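S.K.: Have a look at this one before I ask anything.
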Amino acid sequence: MTTHYISTEHLTIERIGEIIRNHEQLALSDDARRRIVRCRKYLDEKIASQTEPVYGVTTGFGSLCKVSIGKHELSQLQVNLMKSHACGVGERTEKNIVRIMLLLKIQSLSYGYSGCKLDTVERLIDFFNHDILPVVYRQGSLGASGDLVPLAHLCLPLVGEGEVDMDGEIVSGREMLAKMGWKPIEMASKEGLALLNGTQNMSAYAVWSLLEAQRLSDWADAIAAMSLDAFDGRIEPFTHAVHAVRPHQGQIETAEHFRELLDGSELIQSPKVHVQDPYSFRCVPQVHGAVKDTLRYVKSVIDIEINSATDNPTVCPDEDLIISAGNFHGEPIALPIDFLSIAMSELANISERRIYRLVSGLRGLPDFLVATPGLNSGFMITQYTAASCVSLNKSLAMPSSVDSIPSCQDQEDLVSMGANAALKLQQVVLNTERVLAIELFNAAQALDFRLPKKSSPKIMKIRDSFRELVPFISDDVVMYPYIERAILFLRNYQP
């Protein structure tokens with residue numbers, strides 16, 4: 001089994017996807033071990049020699065920062081923090097997102113600016129490697145003092161509290177430790193704060209969403225190209241000269257991708273009666289391209305975030321500093337996460353408009369894409385379902401980051417709501433996948449009405465593979481199983 005070594009080497013979003021997909025093991029590099037041990041040693045020496053209070057280390061938390069804690073109570077202070085902050089509600093976080101959270105928390109602690117003990121970080125690695133997944137609830141984080149609530153649930157099992165998923169069974173943290181023959185981690189000063197502060201919950205959702213959004217962006221081009229050909233659309237709007245005079249990178253890439261996808265199509269080369277296509281076809285480079293550019297920007301921000309130390313206070317041994325600041329605040333990623341929700345919502349929006357055109361009985365296609373409409377409703381209601389998903393996306397795309405509700409006796413008086421933004425983004429991505437699957441379902445049906453004329457080899461290859469799962473619909477059938485198959489097709493087939 002492949003092992004990924006946690007180090008200061010740059011961790012990419014794509015690499016995270018590989019680690020999760022391939023079930024790779026984690027281990028600390030020698031450098032990461034040294035950095036963790038060195039920072040902890042520095043912090044212990046500082047506590048022993050310093051008389052003035054250090055926030056979260058020798059004091060209470062939040063607005064309780066003026067309350068000093070005795071040295072014999074520092075360990076209990078950290079355990080109490082973890083217990084009291086585990087206030088999550090709602091559904092359980094999906095397993096792959098919990099896996100990403102663990103990976104990102106380990107990565108952040110490994111830089112040696114957090115003050116965690118080596119055995120604490122190594123136990124988190126044990127969780128990951130044995131697929132022991134803490135039960136984390138979706139709601140509770142304000143995305144400001146880090147993801148306090150979900151990270152409390154993530155880390156409670158270290159001390160035998162909370163719950164975990166072991167081989168599909170939910171057991172208590174205490175029971176898990178007994179089964180594994182492990183002792184509870186004895187929390188040292190600052191450790192609870194290091195574990196609970198940070199943006200790993202928001203970031204995990206963002207990483208998952210970026211990986212899925214990139215896949216769907218690629219699919220959107222291929223599906224739209226099939227729709228364009230099935231709708232008897234024109235290729236001229238995808239000519240490079242058009243986009244060279246307005247050279248947005250995503251726009252140029254989309255037009256080029258379409259020309260490649262439709263190269264060799266009999267349908268696209270056929271003489272056209274109409275001189276112009278609707279925007280949902282003609283403006284694909286501008287809309288899909290803007291989504292690509294948004295993805296690129298959001299990815300660049302999340303890339304920085306997952307390669308950072310985001311807890312508080314920040315411990316800097318080289319500078320002999322322990323500084324209470326705000327690296328846990330989610331604003332730098334909350335705004336881009338909201339931006340990506342808007343972009344993905346638009347990707348679904350334009351897809352639904354193409355579905356509507358395909359079922360509208362235009363350009364020689366039958367009403368609702370069945371040979372005998374009237375007796376059969378055909379694909380009429382697939383457009384309704386797509387419209388439902390698109391409408392919900394529009395509501396979900398309202399930015400969470402414009403909201404703030406002060407907390408902690410107004411000490412935390414402006415919060416990012418980045419965790420809510422991340423939850424909404426995940427739902428927008430899933431809805432967009434559903435809409436694109438419905439468009440593919442419709443586009444393949446419409447394309448078959450153009451036979452014996454064919455689309456390009458690339459598009460016909462997608463169509464032929466799709467037909468292995470989803471047949472041509474001649475008469476009314478129960479449709480939802482085919483929509484589900486279309487969704488699975490998007491997840492398992494590379495366009």
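Ordering of the structure tokens sets the chain letters (A, B, ...); residue numbers start at 1 within each chain; ligands are numbered from 1 in the order shown.
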I'd like a table as a tab-separated table: residues in region 127-178 of chain A with an atom no more than 10 Å from region 8-28 of chain A, each row giving the shortest atom pair and its distance in Å to one decimal, only C-alpha atoms counted, sorted by chain and rising residue number.
M.R.:
residue	atom	partner	partner_atom	distance
A:Phe128	CA	A:Leu26	CA	7.4
A:Asn129	CA	A:Gln25	CA	5.3
A:His130	CA	A:Gln25	CA	8.7
A:Asp131	CA	A:His23	CA	9.2
S.K.: Could you list, as a PyMOL selection string, every residue within 10 Å of region 266-279 of chain A, counting only C-alpha atoms and ignoring same-chain residues fewer than 2 positions away?
M.R.: chain A and resi 225+228-237+262-264+281-284+286-287+350+353-354+357+363+447+450-457
S.K.: Can you tell me, as a ChimeraX atom specification, what residues are no more than 7 Å from region 388-398 of chain A when counting only C-alpha atoms, ignoring any on the same chain fewer than 6 positions away?
M.R.: /A:338,341-342,345,348-349,424,428,431,435
S.K.: Hey, can you spit out that residue selection with C-alpha atoms as an mmCIF file, in the first residue's frame?
M.R.:
data_model
loop_
_atom_site.group_PDB
_atom_site.id
_atom_site.type_symbol
_atom_site.label_atom_id
_atom_site.label_comp_id
_atom_site.auth_asym_id
_atom_site.auth_seq_id
_atom_site.Cartn_x
_atom_site.Cartn_y
_atom_site.Cartn_z
ATOM 1 C CA ASP A 338 -19.499 31.532 -2.112
ATOM 2 C CA SER A 341 -21.417 28.285 -5.510
ATOM 3 C CA ILE A 342 -22.527 31.095 -7.830
ATOM 4 C CA SER A 345 -25.218 27.399 -10.065
ATOM 5 C CA ALA A 348 -26.567 24.143 -13.963
ATOM 6 C CA ASN A 349 -28.651 27.121 -15.058
ATOM 7 C CA LYS A 424 -24.203 25.077 0.585
ATOM 8 C CA VAL A 428 -24.953 23.178 -5.252
ATOM 9 C CA ASN A 431 -27.519 19.582 -7.776
ATOM 10 C CA VAL A 435 -28.873 18.680 -13.906
#
S.K.: Do you have the CA of Glu122 (chain A)-CA of Val171 (chain A) distance handy?
M.R.: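 CA of Glu122 (chain A) sits 21.1 Å away from CA of Val171 (chain A).
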S.K.: Per DSSP on the backbone, what are the helix (DSSP H, G or I) residues of region 13-147 of chain A, as a PyMOL selection string?
M.R.: chain A and resi 13-21+30-49+62-64+71-85+95-109+118-129
S.K.: Quick one: of A:Cys116, A:Ala213, A:Val315, A:Ala204, who's nearest to Gly418 (chain A), counting only C-alpha atoms?
M.R.: A:Ala204
S.K.: Identify all residues of region 2-235 of chain A in strand (DSSP E) (DSSP on the backbone) and supply them as JSON, numbers by chain.
M.R.: {"A": [3, 4, 5, 6, 25, 26, 27, 28, 89, 90, 91, 92, 133, 134, 137, 138, 139, 163, 164, 165, 166, 169, 170, 171, 172]}
S.K.: Keeping only N, CA and C atoms, write those residues as a PDB file, in the first residue's frame.
M.R.:
ATOM      1  N   THR A   3       2.326   4.920   0.713  1.00  0.00           N
ATOM      2  CA  THR A   3       2.356   5.801   1.875  1.00  0.00           C
ATOM      3  C   THR A   3       2.658   7.226   1.428  1.00  0.00           C
ATOM      4  N   HIS A   4       1.863   8.158   1.916  1.00  0.00           N
ATOM      5  CA  HIS A   4       2.118   9.578   1.683  1.00  0.00           C
ATOM      6  C   HIS A   4       2.777  10.152   2.924  1.00  0.00           C
ATOM      7  N   TYR A   5       3.932  10.788   2.749  1.00  0.00           N
ATOM      8  CA  TYR A   5       4.657  11.368   3.873  1.00  0.00           C
ATOM      9  C   TYR A   5       4.265  12.827   4.060  1.00  0.00           C
ATOM     10  N   ILE A   6       3.759  13.126   5.256  1.00  0.00           N
ATOM     11  CA  ILE A   6       3.378  14.487   5.606  1.00  0.00           C
ATOM     12  C   ILE A   6       4.643  15.310   5.808  1.00  0.00           C
ATOM     13  N   GLN A  25      -1.847   5.341   2.866  1.00  0.00           N
ATOM     14  CA  GLN A  25      -1.516   5.512   4.274  1.00  0.00           C
ATOM     15  C   GLN A  25      -0.755   6.823   4.462  1.00  0.00           C
ATOM     16  N   LEU A  26      -0.769   7.335   5.694  1.00  0.00           N
ATOM     17  CA  LEU A  26      -0.038   8.558   6.022  1.00  0.00           C
ATOM     18  C   LEU A  26       1.092   8.246   6.998  1.00  0.00           C
ATOM     19  N   ALA A  27       2.152   9.017   6.904  1.00  0.00           N
ATOM     20  CA  ALA A  27       3.253   8.944   7.860  1.00  0.00           C
ATOM     21  C   ALA A  27       3.921  10.307   7.909  1.00  0.00           C
ATOM     22  N   LEU A  28       4.486  10.647   9.051  1.00  0.00           N
ATOM     23  CA  LEU A  28       5.206  11.906   9.185  1.00  0.00           C
ATOM     24  C   LEU A  28       6.604  11.768   8.607  1.00  0.00           C
ATOM     25  N   VAL A  89     -24.874  19.591  15.377  1.00  0.00           N
ATOM     26  CA  VAL A  89     -26.232  19.100  15.119  1.00  0.00           C
ATOM     27  C   VAL A  89     -26.351  18.762  13.637  1.00  0.00           C
ATOM     28  N   GLY A  90     -27.479  18.140  13.291  1.00  0.00           N
ATOM     29  CA  GLY A  90     -27.749  17.842  11.886  1.00  0.00           C
ATOM     30  C   GLY A  90     -27.226  16.480  11.483  1.00  0.00           C
ATOM     31  N   GLU A  91     -27.113  16.299  10.187  1.00  0.00           N
ATOM     32  CA  GLU A  91     -26.657  15.024   9.650  1.00  0.00           C
ATOM     33  C   GLU A  91     -25.169  14.828   9.887  1.00  0.00           C
ATOM     34  N   ARG A  92     -24.749  13.569   9.809  1.00  0.00           N
ATOM     35  CA  ARG A  92     -23.321  13.269   9.936  1.00  0.00           C
ATOM     36  C   ARG A  92     -22.585  13.691   8.667  1.00  0.00           C
ATOM     37  N   LEU A 133     -13.118   6.762  11.699  1.00  0.00           N
ATOM     38  CA  LEU A 133     -13.602   8.085  11.309  1.00  0.00           C
ATOM     39  C   LEU A 133     -14.485   8.669  12.410  1.00  0.00           C
ATOM     40  N   PRO A 134     -14.014   9.723  13.076  1.00  0.00           N
ATOM     41  CA  PRO A 134     -14.850  10.365  14.094  1.00  0.00           C
ATOM     42  C   PRO A 134     -16.190  10.806  13.523  1.00  0.00           C
ATOM     43  N   TYR A 137     -20.696  16.226  13.006  1.00  0.00           N
ATOM     44  CA  TYR A 137     -21.996  16.709  12.534  1.00  0.00           C
ATOM     45  C   TYR A 137     -21.824  17.952  11.667  1.00  0.00           C
ATOM     46  N   ARG A 138     -22.728  18.109  10.712  1.00  0.00           N
ATOM     47  CA  ARG A 138     -22.551  19.099   9.664  1.00  0.00           C
ATOM     48  C   ARG A 138     -22.689  20.544  10.146  1.00  0.00           C
ATOM     49  N   GLN A 139     -23.518  20.770  11.146  1.00  0.00           N
ATOM     50  CA  GLN A 139     -23.816  22.150  11.522  1.00  0.00           C
ATOM     51  C   GLN A 139     -23.254  22.503  12.896  1.00  0.00           C
ATOM     52  N   GLU A 163     -17.721   9.789  19.352  1.00  0.00           N
ATOM     53  CA  GLU A 163     -18.025   8.535  18.672  1.00  0.00           C
ATOM     54  C   GLU A 163     -17.200   8.440  17.391  1.00  0.00           C
ATOM     55  N   VAL A 164     -17.029   7.206  16.935  1.00  0.00           N
ATOM     56  CA  VAL A 164     -16.316   6.963  15.680  1.00  0.00           C
ATOM     57  C   VAL A 164     -17.069   5.913  14.872  1.00  0.00           C
ATOM     58  N   ASP A 165     -16.782   5.931  13.576  1.00  0.00           N
ATOM     59  CA  ASP A 165     -17.275   4.890  12.673  1.00  0.00           C
ATOM     60  C   ASP A 165     -16.129   3.908  12.448  1.00  0.00           C
ATOM     61  N   MET A 166     -16.285   2.694  12.933  1.00  0.00           N
ATOM     62  CA  MET A 166     -15.299   1.627  12.739  1.00  0.00           C
ATOM     63  C   MET A 166     -15.947   0.513  11.923  1.00  0.00           C
ATOM     64  N   GLU A 169     -19.661   0.537  11.833  1.00  0.00           N
ATOM     65  CA  GLU A 169     -20.365   0.485  13.112  1.00  0.00           C
ATOM     66  C   GLU A 169     -20.000   1.719  13.939  1.00  0.00           C
ATOM     67  N   ILE A 170     -21.002   2.357  14.532  1.00  0.00           N
ATOM     68  CA  ILE A 170     -20.759   3.521  15.379  1.00  0.00           C
ATOM     69  C   ILE A 170     -20.486   3.044  16.804  1.00  0.00           C
ATOM     70  N   VAL A 171     -19.297   3.391  17.319  1.00  0.00           N
ATOM     71  CA  VAL A 171     -18.921   3.021  18.683  1.00  0.00           C
ATOM     72  C   VAL A 171     -18.402   4.260  19.397  1.00  0.00           C
ATOM     73  N   SER A 172     -18.395   4.212  20.718  1.00  0.00           N
ATOM     74  CA  SER A 172     -17.888   5.346  21.501  1.00  0.00           C
ATOM     75  C   SER A 172     -16.377   5.446  21.369  1.00  0.00           C
TER      76      SER A 172
END
S.K.: Excluding same-chain residues fewer than 3 positions from Glu305 (chain A), what lies within 8 Å of it counting only C-alpha atoms, as number ranges by chain?
M.R.: A: 203, 301-302, 308, 333
S.K.: Create the file for the chosen residues now, containing all heavy atoms and written as a tab-separated table (two decimals), in the first residue's frame.
M.R.:
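Output file part.tsv is given in full below:
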chain	number	residue	atom	x	y	z
A	203	SER	N	-12.35	23.81	4.77
A	203	SER	CA	-11.40	23.47	3.70
A	203	SER	C	-11.67	22.08	3.13
A	203	SER	O	-11.51	21.86	1.93
A	203	SER	CB	-9.97	23.54	4.24
A	203	SER	OG	-9.64	24.86	4.61
A	301	VAL	N	-6.86	29.88	-4.00
A	301	VAL	CA	-7.04	30.32	-2.61
A	301	VAL	C	-7.04	29.12	-1.67
A	301	VAL	O	-6.36	29.13	-0.63
A	301	VAL	CB	-8.34	31.12	-2.46
A	301	VAL	CG1	-8.58	31.49	-1.00
A	301	VAL	CG2	-8.31	32.38	-3.32
A	302	ILE	N	-7.80	28.10	-2.01
A	302	ILE	CA	-7.87	26.91	-1.15
A	302	ILE	C	-6.51	26.22	-1.09
A	302	ILE	O	-6.12	25.66	-0.05
A	302	ILE	CB	-8.96	25.94	-1.65
A	302	ILE	CG1	-10.32	26.64	-1.69
A	302	ILE	CG2	-9.02	24.70	-0.76
A	302	ILE	CD1	-10.78	27.21	-0.36
A	308	SER	N	-1.26	25.75	5.13
A	308	SER	CA	-1.03	26.79	6.13
A	308	SER	C	-1.31	26.27	7.53
A	308	SER	O	-2.02	25.28	7.71
A	308	SER	CB	-1.94	27.99	5.86
A	308	SER	OG	-1.74	28.52	4.58
A	333	ILE	N	-11.35	32.24	2.78
A	333	ILE	CA	-11.90	31.18	1.94
A	333	ILE	C	-13.42	31.22	1.84
A	333	ILE	O	-14.00	30.65	0.92
A	333	ILE	CB	-11.44	29.78	2.40
A	333	ILE	CG1	-11.91	29.44	3.80
A	333	ILE	CG2	-9.92	29.67	2.30
A	333	ILE	CD1	-11.62	28.01	4.22
S.K.: Counting only C-alpha atoms, which residue out of A:Met226, A:Ala241, A:Ile304, A:Leu436 sits closest to Arg463 (chain A)?
M.R.: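 Smallest separation from Arg463 (chain A) among the options: A:Met226.
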S.K.: So which residues touch His243 (chain A) within 7 Å, counting only C-alpha atoms, skipping near sequence neighbours fewer than 4 positions away, as JSON, numbers by chain?
M.R.: {"A": [247, 251, 252]}
S.K.: So, counting only C-alpha atoms, which residue among A:Ala48, A:Ala309, A:Ala386, A:Met344 is closest to Val429 (chain A)?
M.R.: A:Met344
S.K.: To one decimal place in Å, what is the distance between CA of Leu196 (chain A) and CA of Ser7 (chain A)?
M.R.: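 Between CA of Leu196 (chain A) and CA of Ser7 (chain A) the gap is 21.1 Å.
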S.K.: Could you give me, as a PyMOL selection string, the residues within 10 Å of Ala188 (chain A), counting only C-alpha atoms and dropping anything in the same chain fewer than 4 positions from it?
M.R.: chain A and resi 40+44+57+73-79+115-117+120+192
S.K.: Fewer than 3 positions away in the same chain doesn't count, so skip those; otherwise give me all residues within 8 Å of Phe258 (chain A), counting only C-alpha atoms, as a PyMOL selection string.
M.R.: chain A and resi 221-222+225+238+254-255+261-262
S.K.: Would you save the residues from that selection as a short mmCIF file (atom, residue, chain, number, x, y, z; two decimals), in the first residue's frame, using N, CA, C and O atoms?
M.R.:
data_model
loop_
_atom_site.label_atom_id
_atom_site.label_comp_id
_atom_site.auth_asym_id
_atom_site.auth_seq_id
_atom_site.Cartn_x
_atom_site.Cartn_y
_atom_site.Cartn_z
N ASP A 221 -18.84 20.62 -20.78
CA ASP A 221 -18.44 20.86 -22.17
C ASP A 221 -18.87 19.71 -23.08
O ASP A 221 -19.44 19.92 -24.15
N ALA A 222 -18.57 18.49 -22.64
CA ALA A 222 -18.88 17.33 -23.48
C ALA A 222 -20.39 17.18 -23.68
O ALA A 222 -20.87 16.89 -24.79
N ALA A 225 -21.72 19.91 -25.91
CA ALA A 225 -21.36 19.65 -27.31
C ALA A 225 -22.32 18.64 -27.93
O ALA A 225 -22.74 18.78 -29.09
N PHE A 238 -17.78 29.17 -31.88
CA PHE A 238 -16.64 28.58 -31.18
C PHE A 238 -15.33 28.82 -31.93
O PHE A 238 -14.28 28.31 -31.54
N THR A 254 -12.65 26.88 -23.50
CA THR A 254 -13.93 26.24 -23.78
C THR A 254 -14.17 26.13 -25.28
O THR A 254 -14.58 25.07 -25.79
N ALA A 255 -13.92 27.22 -26.00
CA ALA A 255 -14.12 27.20 -27.45
C ALA A 255 -13.21 26.16 -28.11
O ALA A 255 -13.65 25.40 -28.99
N LEU A 261 -13.98 18.48 -29.45
CA LEU A 261 -15.05 17.51 -29.19
C LEU A 261 -15.88 17.23 -30.44
O LEU A 261 -16.31 16.09 -30.67
N LEU A 262 -16.10 18.25 -31.26
CA LEU A 262 -16.99 18.11 -32.41
C LEU A 262 -16.25 17.93 -33.73
O LEU A 262 -16.86 17.93 -34.80
#
S.K.: Quick one, how far is CA of Lys458 (chain A) from CA of Tyr356 (chain A)?
M.R.: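 Rounded to one decimal, the two atoms are 24.2 Å apart.
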S.K.: Go through A:Glu260, A:Asp367, A:Glu212, A:Asp476 one by one, measure the shortest atom-to-atom distance of each to Arg491 (chain A) using only C-alpha atoms, and give the residue with the smallest value.
M.R.: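 Among the listed residues, A:Glu212 lies closest to Arg491 (chain A).
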